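Chemist: What follows is the file protein-v5.txt, containing compact mmCIF, C-alpha atoms:
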```txt
# COMPACT_ATOMS: atom_id res chain seq x y z
CA MET V 1 35.93 221.56 3.89
CA LEU V 2 32.76 221.28 5.96
CA ALA V 3 30.79 223.51 3.57
CA THR V 4 31.84 221.32 0.64
CA GLY V 5 30.88 218.20 2.56
CA VAL V 6 27.41 219.58 3.33
CA ILE V 7 26.78 220.50 -0.32
CA VAL V 8 27.83 217.07 -1.59
CA PHE V 9 25.86 215.34 1.18
CA ARG V 10 22.67 217.13 0.18
CA GLU V 11 23.00 216.08 -3.45
CA VAL V 12 23.97 212.49 -2.63
CA LEU V 13 21.22 212.07 -0.04
CA GLU V 14 18.35 212.04 -2.52
CA ALA V 15 19.88 209.37 -4.75
CA ALA V 16 20.93 207.31 -1.72
CA LEU V 17 17.44 207.32 -0.19
CA ILE V 18 15.77 206.38 -3.47
CA VAL V 19 18.23 203.52 -4.06
CA SER V 20 17.68 202.16 -0.54
CA ILE V 21 13.87 202.29 -0.85
CA VAL V 22 14.06 200.51 -4.20
CA MET V 23 16.44 197.89 -2.76
CA ALA V 24 14.08 197.25 0.14
CA ALA V 25 11.05 197.14 -2.15
CA ALA V 26 12.72 194.39 -4.15
CA LYS V 27 13.55 192.27 -1.10
CA GLY V 28 13.41 188.58 -1.92
CA VAL V 29 13.88 189.08 -5.65
CA ALA V 30 16.87 187.15 -6.96
CA GLY V 31 19.47 189.35 -8.66
CA ARG V 32 18.25 192.70 -7.29
CA GLY V 33 21.71 193.61 -5.94
CA ARG V 34 23.27 193.09 -9.35
CA TRP V 35 20.59 195.11 -11.16
CA VAL V 36 20.72 197.96 -8.65
CA SER V 37 24.53 198.04 -8.92
CA TYR V 38 24.26 198.26 -12.71
CA GLY V 39 21.80 201.09 -12.21
CA ILE V 40 24.23 202.97 -9.96
CA LEU V 41 27.13 202.49 -12.41
CA LEU V 42 25.02 203.55 -15.40
CA GLY V 43 23.82 206.54 -13.38
CA ILE V 44 27.38 207.62 -12.55
CA ALA V 45 28.41 207.28 -16.20
CA GLY V 46 25.35 209.27 -17.26
CA ALA V 47 26.04 211.91 -14.60
CA CYS V 48 29.58 212.44 -15.96
CA LEU V 49 28.17 212.73 -19.49
CA VAL V 50 25.49 215.24 -18.44
CA ALA V 51 28.05 217.27 -16.46
CA ALA V 52 30.49 217.27 -19.39
CA PHE V 53 27.81 218.65 -21.68
CA ALA V 54 26.13 220.81 -19.02
CA GLY V 55 26.75 224.00 -20.98
CA ALA V 56 25.32 222.62 -24.23
CA ILE V 57 22.33 221.03 -22.47
CA ALA V 58 21.59 224.23 -20.55
CA GLN V 59 21.71 226.37 -23.71
CA ALA V 60 19.49 223.98 -25.69
CA VAL V 61 15.84 224.84 -26.39
CA GLN V 62 16.34 228.57 -25.70
CA GLY V 63 18.02 227.93 -22.35
CA ARG V 64 15.40 225.44 -21.16
CA GLY V 65 17.35 222.24 -21.84
CA GLN V 66 18.22 221.58 -18.21
CA GLU V 67 14.63 221.81 -16.98
CA LEU V 68 13.26 219.74 -19.87
CA LEU V 69 15.88 217.01 -19.38
CA ASN V 70 15.34 216.87 -15.61
CA ALA V 71 11.57 216.91 -15.95
CA ALA V 72 11.75 214.06 -18.48
CA ILE V 73 14.03 212.09 -16.14
CA LEU V 74 11.66 212.66 -13.22
CA LEU V 75 8.54 211.73 -15.16
CA LEU V 76 10.22 208.58 -16.50
CA ALA V 77 11.09 207.62 -12.91
CA VAL V 78 7.48 208.37 -11.87
CA ALA V 79 6.19 206.03 -14.58
CA MET V 80 8.60 203.28 -13.54
CA LEU V 81 7.79 203.64 -9.85
CA GLY V 82 4.09 203.52 -10.68
CA TRP V 83 4.59 200.42 -12.81
CA HIS V 84 6.50 198.78 -9.97
CA ASN V 85 3.72 199.49 -7.49
CA VAL V 86 1.04 198.14 -9.82
CA TRP V 87 3.13 195.03 -10.46
CA MET V 88 3.66 194.54 -6.73
CA SER V 89 -0.02 194.87 -5.89
CA GLN V 90 -0.60 192.05 -8.36
CA HIS V 91 2.30 189.79 -7.37
CA GLY V 92 3.50 191.04 -3.99
CA LYS V 93 1.47 188.67 -1.81
CA ALA V 94 2.41 185.63 -3.87
CA LEU V 95 6.04 186.77 -3.83
CA ALA V 96 6.12 187.11 -0.04
CA ARG V 97 4.46 183.71 0.34
CA ARG V 98 6.93 181.99 -1.96
CA MET V 99 9.87 183.66 -0.21
CA LYS V 100 8.57 182.18 3.03
CA THR V 101 8.03 178.68 1.66
CA ILE V 102 11.22 178.26 -0.34
CA GLY V 103 13.28 180.25 2.17
CA HIS V 104 15.42 182.08 -0.38
CA ASP V 105 15.17 184.72 -3.09
CA VAL V 106 12.59 184.22 -5.80
CA ALA V 107 13.32 184.58 -9.51
CA VAL V 108 10.73 186.90 -11.09
CA GLY V 109 12.14 187.52 -14.56
CA ASP V 110 13.93 190.57 -15.91
CA ARG V 111 11.09 193.02 -16.37
CA PRO V 112 10.45 194.09 -12.74
CA LEU V 113 14.21 194.33 -12.20
CA SER V 114 14.83 196.42 -15.30
CA VAL V 115 12.20 198.87 -14.06
CA LEU V 116 14.16 199.26 -10.82
CA LEU V 117 17.36 199.67 -12.81
CA VAL V 118 15.85 202.62 -14.66
CA VAL V 119 14.68 204.26 -11.41
CA VAL V 120 18.12 203.89 -9.82
CA THR V 121 19.94 205.08 -12.96
CA MET V 122 17.74 208.18 -13.20
CA ALA V 123 18.13 209.06 -9.50
CA VAL V 124 21.92 208.73 -9.58
CA LEU V 125 22.18 210.53 -12.93
CA ARG V 126 20.16 213.54 -11.84
CA GLU V 127 21.80 214.12 -8.48
CA GLY V 128 25.20 212.83 -9.59
CA SER V 129 25.54 215.31 -12.44
CA GLU V 130 25.31 218.18 -9.94
CA VAL V 131 27.94 216.56 -7.71
CA VAL V 132 30.23 216.12 -10.72
CA LEU V 133 29.70 219.74 -11.81
CA PHE V 134 30.36 221.02 -8.32
CA GLY V 135 33.39 218.73 -7.98
CA TYR V 136 34.74 219.99 -11.26
CA GLY V 137 34.35 223.52 -9.93
CA ILE V 138 36.50 222.62 -6.92
CA TYR V 139 39.10 221.04 -9.16
CA ALA V 140 39.12 224.05 -11.48
CA SER V 141 39.44 226.56 -8.64
CA GLY V 142 42.71 224.91 -7.60
CA ALA V 143 43.09 226.55 -4.20
CA GLN V 144 42.42 224.36 -1.19
CA SER V 145 41.58 221.50 -3.52
CA MET V 146 42.80 218.82 -1.14
CA SER V 147 40.76 219.85 1.87
CA MET V 148 37.69 220.35 -0.30
CA LEU V 149 38.16 216.93 -1.88
CA ILE V 150 38.24 215.41 1.61
CA GLY V 151 35.08 217.31 2.43
CA ALA V 152 33.38 216.10 -0.73
CA LEU V 153 34.32 212.48 -0.02
CA GLY V 154 33.07 212.91 3.54
CA GLY V 155 29.75 214.24 2.26
CA LEU V 156 29.49 211.34 -0.16
CA GLY V 157 30.23 208.88 2.65
CA VAL V 158 27.65 210.34 5.04
CA GLY V 159 25.04 210.41 2.26
CA VAL V 160 25.61 206.77 1.35
CA ALA V 161 25.64 205.81 5.05
CA THR V 162 22.22 207.47 5.51
CA GLY V 163 20.88 205.39 2.63
CA VAL V 164 22.31 202.19 4.11
CA LEU V 165 20.75 203.09 7.48
CA LEU V 166 17.31 203.53 5.90
CA TYR V 167 17.73 200.24 4.03
CA LYS V 168 18.69 198.35 7.21
CA GLY V 169 15.77 199.93 9.03
CA LEU V 170 13.32 198.92 6.31
CA LEU V 171 14.59 195.34 6.32
CA ARG V 172 13.69 195.07 10.01
CA ILE V 173 10.05 195.31 9.03
CA PRO V 174 8.55 191.79 8.79
CA THR V 175 8.27 190.76 5.14
CA ARG V 176 4.46 190.57 5.19
CA HIS V 177 4.31 194.29 6.10
CA LEU V 178 7.45 195.42 4.25
CA PHE V 179 5.88 195.55 0.79
CA ALA V 180 2.94 197.58 2.10
CA VAL V 181 5.39 200.08 3.63
CA THR V 182 7.64 200.31 0.56
CA GLY V 183 4.53 200.56 -1.63
CA TRP V 184 3.38 203.65 0.28
CA MET V 185 6.89 205.12 0.25
CA ILE V 186 7.18 204.63 -3.51
CA LEU V 187 3.71 206.10 -4.08
CA LEU V 188 4.64 209.29 -2.18
CA LEU V 189 8.11 209.36 -3.75
CA ALA V 190 6.54 209.26 -7.22
CA ALA V 191 4.01 211.98 -6.38
CA GLY V 192 6.80 214.21 -5.03
CA MET V 193 8.87 213.66 -8.18
CA ALA V 194 5.88 214.57 -10.36
CA ALA V 195 5.46 217.80 -8.38
CA ASP V 196 9.18 218.54 -8.85
CA ALA V 197 8.79 217.99 -12.58
CA ALA V 198 5.83 220.39 -12.62
CA GLY V 199 7.98 223.02 -10.87
CA LEU V 200 10.72 222.59 -13.47
CA LEU V 201 8.25 222.92 -16.36
CA SER V 202 6.99 226.20 -14.86
CA GLN V 203 10.58 227.38 -14.34
CA ALA V 204 11.20 226.71 -18.05
CA GLY V 205 8.10 228.70 -18.94
CA VAL V 206 6.57 225.62 -20.60
CA LEU V 207 3.59 225.20 -18.28
CA PRO V 208 1.97 228.00 -16.26
CA ALA V 209 2.36 227.70 -12.49
CA ILE V 210 -1.33 228.75 -12.40
CA ARG V 211 -0.61 230.25 -9.00
CA GLU V 212 2.66 230.36 -7.05
CA GLY V 213 2.69 229.89 -3.29
CA VAL V 214 -0.76 228.38 -2.75
CA TRP V 215 0.39 228.15 0.85
CA ASN V 216 3.58 229.01 2.71
CA SER V 217 4.54 226.58 5.46
CA ALA V 218 8.10 227.90 5.90
CA TRP V 219 7.20 228.92 9.48
CA LEU V 220 6.35 225.31 10.26
CA LEU V 221 9.14 223.53 8.43
CA ASN V 222 11.85 225.19 6.37
CA GLU V 223 12.62 223.27 3.21
CA GLN V 224 16.34 224.01 3.60
CA SER V 225 16.52 222.37 7.04
CA LEU V 226 17.63 218.74 7.25
CA LEU V 227 14.13 217.50 8.09
CA GLY V 228 12.68 219.71 5.35
CA ARG V 229 15.06 218.26 2.80
CA LEU V 230 14.39 214.70 3.95
CA LEU V 231 10.65 215.19 3.68
CA HIS V 232 11.08 216.88 0.30
CA ILE V 233 12.85 213.77 -0.98
CA LEU V 234 10.57 211.20 0.66
CA VAL V 235 7.09 212.73 0.33
CA GLY V 236 7.68 215.79 -1.86
CA TYR V 237 7.33 218.41 0.90
CA THR V 238 7.47 221.90 -0.64
CA GLN V 239 7.04 224.97 1.55
CA ARG V 240 5.52 227.17 -1.19
CA PRO V 241 3.98 224.87 -3.81
CA SER V 242 2.38 226.18 -6.98
CA ALA V 243 -1.14 225.15 -7.98
CA LEU V 244 0.34 223.18 -10.90
CA GLN V 245 2.57 221.23 -8.52
CA ILE V 246 -0.34 220.32 -6.27
CA LEU V 247 -2.28 219.24 -9.37
CA PHE V 248 0.58 216.97 -10.52
CA TYR V 249 1.01 215.57 -6.99
CA VAL V 250 -2.64 214.67 -6.52
CA ALA V 251 -3.05 213.36 -10.08
CA THR V 252 -0.03 211.05 -9.69
CA LEU V 253 -1.24 209.75 -6.32
CA ALA V 254 -4.74 209.13 -7.65
CA THR V 255 -3.60 207.49 -10.91
CA ILE V 256 -1.13 205.05 -9.35
CA ALA V 257 -3.39 204.24 -6.39
CA SER V 258 -6.41 203.53 -8.59
CA LEU V 259 -4.34 201.35 -10.96
CA MET V 260 -3.06 199.45 -7.91
CA GLY V 261 -6.63 199.00 -6.70
CA ALA V 262 -7.81 197.91 -10.15
CA VAL V 263 -5.31 195.08 -10.52
CA LYS V 264 -5.74 193.96 -6.91
CA ARG V 265 -9.46 193.25 -7.27
CA PRO V 266 -9.64 189.70 -8.62
CA ARG V 267 -11.71 189.42 -11.78
CA HIS V 268 -12.01 185.83 -12.99
CA ARG V 269 -8.38 185.28 -12.22
CA PRO V 270 -7.23 181.66 -12.72
CA ALA V 271 -7.12 180.02 -9.29
CA SER V 272 -3.72 178.49 -10.01
CA LEU V 273 -2.04 181.93 -10.00
CA GLU V 274 -3.07 182.88 -6.51
CA GLY V 275 -3.07 179.42 -4.96
CA ALA V 276 -5.27 178.45 -2.04
CA ARG V 277 -6.60 181.31 0.04
CA PRO V 278 -7.11 180.91 3.76
CA MET Z 1 -6.07 222.94 -65.42
CA ALA Z 2 -5.40 226.65 -65.83
CA ARG Z 3 -7.58 227.43 -62.87
CA ALA Z 4 -5.70 224.93 -60.80
CA ARG Z 5 -2.38 226.48 -61.77
CA ILE Z 6 -3.57 229.97 -60.88
CA SER Z 7 -4.90 228.92 -57.51
CA GLY Z 8 -1.59 227.15 -56.93
CA LYS Z 9 0.26 230.38 -57.66
CA ALA Z 10 -2.06 232.31 -55.39
CA LEU Z 11 -1.41 229.76 -52.66
CA ILE Z 12 2.34 230.18 -53.04
CA SER Z 13 2.17 233.96 -52.85
CA ALA Z 14 -0.13 233.68 -49.83
CA PHE Z 15 2.44 231.42 -48.17
CA GLY Z 16 5.10 233.96 -49.04
CA ALA Z 17 3.15 236.74 -47.40
CA VAL Z 18 2.62 234.65 -44.27
CA ALA Z 19 6.30 233.72 -44.18
CA LEU Z 20 7.28 237.38 -44.50
CA ALA Z 21 4.89 238.37 -41.73
CA VAL Z 22 6.27 235.63 -39.47
CA ARG Z 23 9.80 236.75 -40.21
CA LEU Z 24 9.01 240.41 -39.59
CA ASN Z 25 7.16 239.87 -36.35
CA PRO Z 26 10.10 238.93 -34.08
CA THR Z 27 11.99 242.13 -34.97
CA GLU Z 28 8.95 244.13 -33.98
CA ALA Z 29 8.51 242.10 -30.78
CA ALA Z 30 12.19 242.49 -29.88
CA THR Z 31 11.84 246.24 -29.18
CA PRO Z 32 10.55 245.93 -25.53
CA SER Z 33 13.17 246.37 -22.78
CA PRO Z 34 15.55 243.44 -22.10
CA PRO Z 35 14.57 241.03 -19.29
CA PRO Z 36 15.71 241.82 -15.71
CA THR Z 37 19.18 240.33 -15.36
CA LEU Z 38 21.07 238.82 -12.45
CA VAL Z 39 24.83 238.54 -12.82
CA VAL Z 40 27.00 236.06 -10.91
CA LYS Z 41 30.47 237.56 -10.59
CA ASN Z 42 33.23 236.56 -8.18
CA GLN Z 43 30.74 234.17 -6.53
CA ALA Z 44 28.31 236.99 -5.72
CA PHE Z 45 25.00 238.16 -7.17
CA GLU Z 46 24.74 241.52 -8.88
CA PRO Z 47 22.49 243.34 -8.16
CA GLN Z 48 21.72 242.12 -4.65
CA THR Z 49 18.10 243.19 -5.02
CA LEU Z 50 16.00 242.83 -8.15
CA THR Z 51 12.55 244.43 -8.31
CA ILE Z 52 9.83 242.87 -10.47
CA PRO Z 53 6.06 243.43 -10.82
CA ALA Z 54 3.50 241.23 -9.06
CA GLY Z 55 0.83 239.06 -10.62
CA GLN Z 56 2.61 238.02 -13.79
CA GLN Z 57 5.08 235.48 -15.05
CA ILE Z 58 8.50 237.12 -15.37
CA LYS Z 59 11.53 235.91 -17.29
CA ILE Z 60 14.77 236.66 -15.48
CA LEU Z 61 18.11 236.23 -17.22
CA VAL Z 62 20.87 234.82 -15.00
CA ARG Z 63 24.34 235.40 -16.41
CA ASN Z 64 27.25 233.59 -14.77
CA GLU Z 65 30.44 235.50 -15.56
CA ASP Z 66 32.58 233.21 -13.38
CA ALA Z 67 34.31 230.10 -14.68
CA LEU Z 68 32.73 228.06 -11.86
CA PRO Z 69 29.18 226.74 -12.16
CA ALA Z 70 26.57 228.33 -9.88
CA GLU Z 71 23.21 226.97 -8.78
CA LEU Z 72 20.48 229.53 -8.32
CA GLU Z 73 18.20 228.13 -5.63
CA SER Z 74 15.25 229.50 -3.70
CA SER Z 75 12.57 227.82 -1.62
CA ASP Z 76 10.75 231.17 -1.49
CA LEU Z 77 10.52 231.24 -5.27
CA ASN Z 78 10.41 227.46 -5.61
CA ARG Z 79 13.24 227.52 -8.14
CA GLU Z 80 16.52 225.65 -8.71
CA LYS Z 81 18.77 225.94 -11.74
CA VAL Z 82 22.42 225.25 -12.47
CA ILE Z 83 24.09 228.07 -14.41
CA PRO Z 84 27.34 226.71 -15.90
CA GLY Z 85 30.30 229.10 -16.00
CA GLY Z 86 30.18 231.63 -18.82
CA THR Z 87 26.52 231.07 -19.72
CA ALA Z 88 23.34 233.16 -19.47
CA LEU Z 89 20.11 231.27 -18.91
CA PRO Z 90 16.47 232.29 -18.47
CA VAL Z 91 14.49 231.45 -15.33
CA TYR Z 92 10.75 232.00 -15.36
CA ILE Z 93 9.21 232.98 -12.02
CA GLY Z 94 5.76 233.92 -10.79
CA PRO Z 95 3.05 234.99 -10.92
CA LEU Z 96 3.93 236.17 -7.39
CA SER Z 97 2.22 238.29 -4.76
CA PRO Z 98 4.06 241.39 -3.45
CA GLY Z 99 6.83 240.65 -0.96
CA ARG Z 100 10.50 239.79 -0.55
CA TYR Z 101 11.82 236.50 -1.87
CA GLN Z 102 15.29 235.24 -0.91
CA PHE Z 103 17.55 233.22 -3.20
CA PHE Z 104 21.08 231.87 -2.91
CA ASN Z 105 23.81 230.00 -4.77
CA ASP Z 106 23.56 226.37 -3.68
CA PHE Z 107 27.16 225.78 -4.77
CA HIS Z 108 28.29 228.75 -2.65
CA PRO Z 109 25.56 229.17 -0.02
CA SER Z 110 26.92 232.40 1.49
CA SER Z 111 26.05 234.20 -1.78
CA THR Z 112 22.49 235.43 -1.41
CA GLY Z 113 20.13 237.96 -2.92
CA THR Z 114 16.53 239.13 -2.82
CA ILE Z 115 13.76 239.51 -5.36
CA VAL Z 116 11.36 242.28 -4.39
CA VAL Z 117 7.91 241.92 -5.89
CA VAL Z 118 5.85 245.11 -6.05
CA GLN Z 119 2.32 245.92 -7.24
CA PRO Z 120 2.64 247.36 -10.75
CA LYS Z 121 1.61 251.05 -11.03
CA GLY Z 122 -1.59 252.00 -12.79
```
When written as structure tokens, how does the structure in this file appear?

Modeler:
Amino acid sequence: MLATGVIVFREVLEAALIVSIVMAAAKGVAGRGRWVSYGILLGIAGACLVAAFAGAIAQAVQGRGQELLNAAILLLAVAMLGWHNVWMSQHGKALARRMKTIGHDVAVGDRPLSVLLVVVTMAVLREGSEVVLFGYGIYASGAQSMSMLIGALGGLGVGVATGVLLYKGLLRIPTRHLFAVTGWMILLLAAGMAADAAGLLSQAGVLPAIREGVWNSAWLLNEQSLLGRLLHILVGYTQRPSALQILFYVATLATIASLMGAVKRPRHRPASLEGARP
Amino acid sequence: MARARISGKALISAFGAVALAVRLNPTEAATPSPPPTLVVKNQAFEPQTLTIPAGQQIKILVRNEDALPAELESSDLNREKVIPGGTALPVYIGPLSPGRYQFFNDFHPSSTGTIVVVQPKG
């Protein structure tokens, strides 16, 4: 029962943390709860679909289907997270100011919210499909099903609770600093996802790892420990990264950060958009 | 016109020769020994230790003979792959330096195994 709970918790944790960061990053945006809920529901539906066809997906493309699908999902999420950060560095200040003046959530249009929907859907889909597969295994094995089901639900509950805790913690940050914090978190989250995608592409034999184990920091922090797993999710900590993964990580960081910097620097921007500056 | 027709014919036969060569090649390439294979049976890995050469990318075949899905995972190897029940899937690893690399089944964490990487002879 406990073992089952731990396995489910580990899978749920990643999706839960990503959803809570995204929720916090969209603070003050009208309709974010609805869009994020749609994302979760779509993700669960997608997870069931992926799990149902797990065998066919895995066998596709000479047995590389799983890696290619997951890498595509990760890179799509990276693009969306990057887009969100660039959008926020353009509109974040104005958004925070308007939230303060009008005292309630600000309507920003559908585009920024649909980007968050995609990120949430992809996170839930990827982790959820493994939970569904594992859950199906329990169901199929028959023996001890009940106690394992309780364990699985417990793991799910603790995972979701951890996400809620992070969300509540983030909301305690004053709004004028919150977007800077979530911006950094999303930047590192995206870089970590890109490195994960690079690892999957090497595992599929599509891209060369260039060199495996550029360093080994297992003595310092084991990736399988709770802290190691948390840091893997949040900042992409990997105890033995390949050169390709480091390349993807740094390239993602640099690309998103420079795009954020480029849109932030005002270049003949109409004064009416920014309003009066102090 | 006649010249054009002849060169067209030549082109077709050239294509034919290329196609034949392409078709023949895989059968010639298929003669080397099968990839090192890991079998998941009764929720355990078989063999427990797999030896592979250092310094090159290696394709390992993981065959899950159970009905339950397994997830091959290893932070040492930096790998993670779900192997649905009754399927055999490739996992590419390396190039690695000599040493011992642990892996386990994330869906059944007490099932573990080791990949031993050795310097190839010669």

Chemist: Would you pick out the contacts of stretch 109-114 of chain Z at 9 Å or less, using only C-alpha atoms, so that residues sharing its chain but fewer than 4 positions from it are not included, and give the list as an MDAnalysis selection string?

Modeler: (chainID V and resid 3 7) or (chainID Z and resid 43:51 100:105)

Chemist: Is there a way to get, as a ChimeraX atom specification, all residues within 10 Å of the point (23.0, 205.6, -9.0) in file coordinates, counting all atoms listed in the file?

Modeler: /V:12,15-16,18-19,36-47,117-128

Chemist: Taking into account only C-alpha atoms, which residue in the set Z:Thr87, Z:Asn42, Z:Asn64, Z:Ser33 is nearest to chain V?

Modeler: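 Nearest to chain V: Z:Thr87.
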
Chemist: Using all atoms listed in the file and a distance of at most 9 Å, pull out the residues of chain Z that contact chain V, as a VMD selection string.

Modeler: chain Z and resid 57 59 67 to 70 75 to 97 106 to 109

Chemist: Quick one: pull the distance between atom CA of V:Phe248 and atom CA of V:Leu221, Å, one decimal.

Modeler: 21.8 Å

Chemist: Interatomic distance between atom CA of V:Val263 and atom CA of V:Trp87?

Modeler: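 Interatomic distance here is 8.4 Å.
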
Chemist: Skipping near chain neighbours, those fewer than 6 positions away, what residues fall within 12 Å of V:Gly82 using only C-alpha atoms, listed as number ranges by chain?

Modeler: V: 75-76, 88-89, 112, 115-116, 119, 183-191, 193-194, 252-260

Chemist: Using Å and a single decimal, report how far atom CA of V:Leu166 sits from atom CA of V:Val250.

Modeler: 26.0 Å

Chemist: I'd like the contact shell of Z:Lys41 - 9 Å cut-off, only C-alpha atoms, skipping same-chain residues fewer than 6 positions apart - returned as a list of chain:residue names.

Modeler: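 Final neighbour list, sorted by chain and number: Z:Arg63, Z:Asn64, Z:Glu65, Z:Asp66.
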
Chemist: Please write the residues from the selection above to a file, keeping C-alpha atoms, as a short mmCIF file (atom, residue, chain, number, x, y, z; two decimals), in the frame of the given file.

Modeler:
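Saved to result.cif:
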```
data_model
loop_
_atom_site.label_atom_id
_atom_site.label_comp_id
_atom_site.auth_asym_id
_atom_site.auth_seq_id
_atom_site.Cartn_x
_atom_site.Cartn_y
_atom_site.Cartn_z
CA ARG Z 63 24.34 235.40 -16.41
CA ASN Z 64 27.25 233.59 -14.77
CA GLU Z 65 30.44 235.50 -15.56
CA ASP Z 66 32.58 233.21 -13.38
#
```
